[in-house]
Amino acid sequence: SRWGLPQMVARTRRRAELPHYRPHEIGRHAFATRLLHDGASLLDVQKAGGWDSGQMVTQHYGHLAQEHVDKIVAGQSLKPKQIRKDRVG
């Protein structure tokens, strides 16, 4: 029935001791997470998701943006610049 599924989900959530989230909140979180994993900036996520506060986006999703930055940095090979010894200065 129309109410059977929501009741079953609510009962399962309570038994698992999970916090209550509305489907809209879960979808919005998944949307923001996917954008950040694809390399979007926090500002892009804020604008695309319609959040008024950049601070809220940073608090909830900032760690995901940092993970993306860490992956980029880890892929870089940083070597010191070679100094030519034959130069007279």
# chains A, B, ... in the order shown; residues from 1 in each chain; ligands from 1

$ residues_around --residues "range 40-51 of chain A" --least-positions-apart "3" --cutoff "10 Å" --atoms "only C-alpha atoms" --output "list in words"
Arg28, His29, Phe31, Ala32, Thr33, Arg34, Leu35, Leu36, His37, Gly54, Gln55, Met56, Val57, Thr58, Tyr61, Gly62, Leu64, Ala65 and His68 of chain A

$ write_last_selection --atoms "N, CA and C atoms" --output "PDB file, in the first residue's frame"
ATOM      1  N   ARG A  28      19.983  15.273  -2.089  1.00  0.00           N
ATOM      2  CA  ARG A  28      20.811  16.471  -2.145  1.00  0.00           C
ATOM      3  C   ARG A  28      22.245  16.168  -1.724  1.00  0.00           C
ATOM      4  N   HIS A  29      22.391  15.330  -0.703  1.00  0.00           N
ATOM      5  CA  HIS A  29      23.719  14.937  -0.244  1.00  0.00           C
ATOM      6  C   HIS A  29      24.439  14.138  -1.332  1.00  0.00           C
ATOM      7  N   PHE A  31      23.924  14.271  -4.516  1.00  0.00           N
ATOM      8  CA  PHE A  31      24.222  15.210  -5.596  1.00  0.00           C
ATOM      9  C   PHE A  31      25.507  15.981  -5.301  1.00  0.00           C
ATOM     10  N   ALA A  32      25.619  16.540  -4.101  1.00  0.00           N
ATOM     11  CA  ALA A  32      26.800  17.309  -3.719  1.00  0.00           C
ATOM     12  C   ALA A  32      28.043  16.430  -3.692  1.00  0.00           C
ATOM     13  N   THR A  33      27.907  15.235  -3.178  1.00  0.00           N
ATOM     14  CA  THR A  33      29.037  14.315  -3.097  1.00  0.00           C
ATOM     15  C   THR A  33      29.544  13.957  -4.492  1.00  0.00           C
ATOM     16  N   ARG A  34      28.617  13.661  -5.406  1.00  0.00           N
ATOM     17  CA  ARG A  34      29.026  13.323  -6.777  1.00  0.00           C
ATOM     18  C   ARG A  34      29.737  14.486  -7.452  1.00  0.00           C
ATOM     19  N   LEU A  35      29.232  15.696  -7.262  1.00  0.00           N
ATOM     20  CA  LEU A  35      29.886  16.857  -7.863  1.00  0.00           C
ATOM     21  C   LEU A  35      31.315  17.010  -7.359  1.00  0.00           C
ATOM     22  N   LEU A  36      31.508  16.877  -6.057  1.00  0.00           N
ATOM     23  CA  LEU A  36      32.840  17.030  -5.480  1.00  0.00           C
ATOM     24  C   LEU A  36      33.773  15.915  -5.933  1.00  0.00           C
ATOM     25  N   HIS A  37      33.283  14.713  -6.037  1.00  0.00           N
ATOM     26  CA  HIS A  37      34.113  13.599  -6.503  1.00  0.00           C
ATOM     27  C   HIS A  37      34.508  13.781  -7.962  1.00  0.00           C
ATOM     28  N   GLY A  54      27.690  29.358   2.052  1.00  0.00           N
ATOM     29  CA  GLY A  54      28.902  28.642   1.687  1.00  0.00           C
ATOM     30  C   GLY A  54      29.505  27.950   2.894  1.00  0.00           C
ATOM     31  N   GLN A  55      29.278  28.513   4.067  1.00  0.00           N
ATOM     32  CA  GLN A  55      29.804  27.932   5.303  1.00  0.00           C
ATOM     33  C   GLN A  55      29.173  26.562   5.543  1.00  0.00           C
ATOM     34  N   MET A  56      27.888  26.428   5.291  1.00  0.00           N
ATOM     35  CA  MET A  56      27.212  25.153   5.486  1.00  0.00           C
ATOM     36  C   MET A  56      27.792  24.101   4.532  1.00  0.00           C
ATOM     37  N   VAL A  57      28.014  24.489   3.300  1.00  0.00           N
ATOM     38  CA  VAL A  57      28.577  23.559   2.315  1.00  0.00           C
ATOM     39  C   VAL A  57      29.981  23.142   2.739  1.00  0.00           C
ATOM     40  N   THR A  58      30.783  24.093   3.187  1.00  0.00           N
ATOM     41  CA  THR A  58      32.148  23.787   3.629  1.00  0.00           C
ATOM     42  C   THR A  58      32.135  22.847   4.824  1.00  0.00           C
ATOM     43  N   TYR A  61      30.711  19.303   3.454  1.00  0.00           N
ATOM     44  CA  TYR A  61      31.348  18.647   2.313  1.00  0.00           C
ATOM     45  C   TYR A  61      32.816  19.012   2.120  1.00  0.00           C
ATOM     46  N   GLY A  62      33.349  19.842   2.978  1.00  0.00           N
ATOM     47  CA  GLY A  62      34.738  20.290   2.833  1.00  0.00           C
ATOM     48  C   GLY A  62      35.734  19.153   2.829  1.00  0.00           C
ATOM     49  N   LEU A  64      35.351  16.260   1.595  1.00  0.00           N
ATOM     50  CA  LEU A  64      35.338  15.613   0.286  1.00  0.00           C
ATOM     51  C   LEU A  64      36.163  16.409  -0.713  1.00  0.00           C
ATOM     52  N   ALA A  65      36.083  17.732  -0.619  1.00  0.00           N
ATOM     53  CA  ALA A  65      36.888  18.579  -1.503  1.00  0.00           C
ATOM     54  C   ALA A  65      38.367  18.379  -1.192  1.00  0.00           C
ATOM     55  N   HIS A  68      39.792  15.298  -2.799  1.00  0.00           N
ATOM     56  CA  HIS A  68      40.070  15.502  -4.221  1.00  0.00           C
ATOM     57  C   HIS A  68      41.409  16.215  -4.400  1.00  0.00           C
TER      58      HIS A  68
END
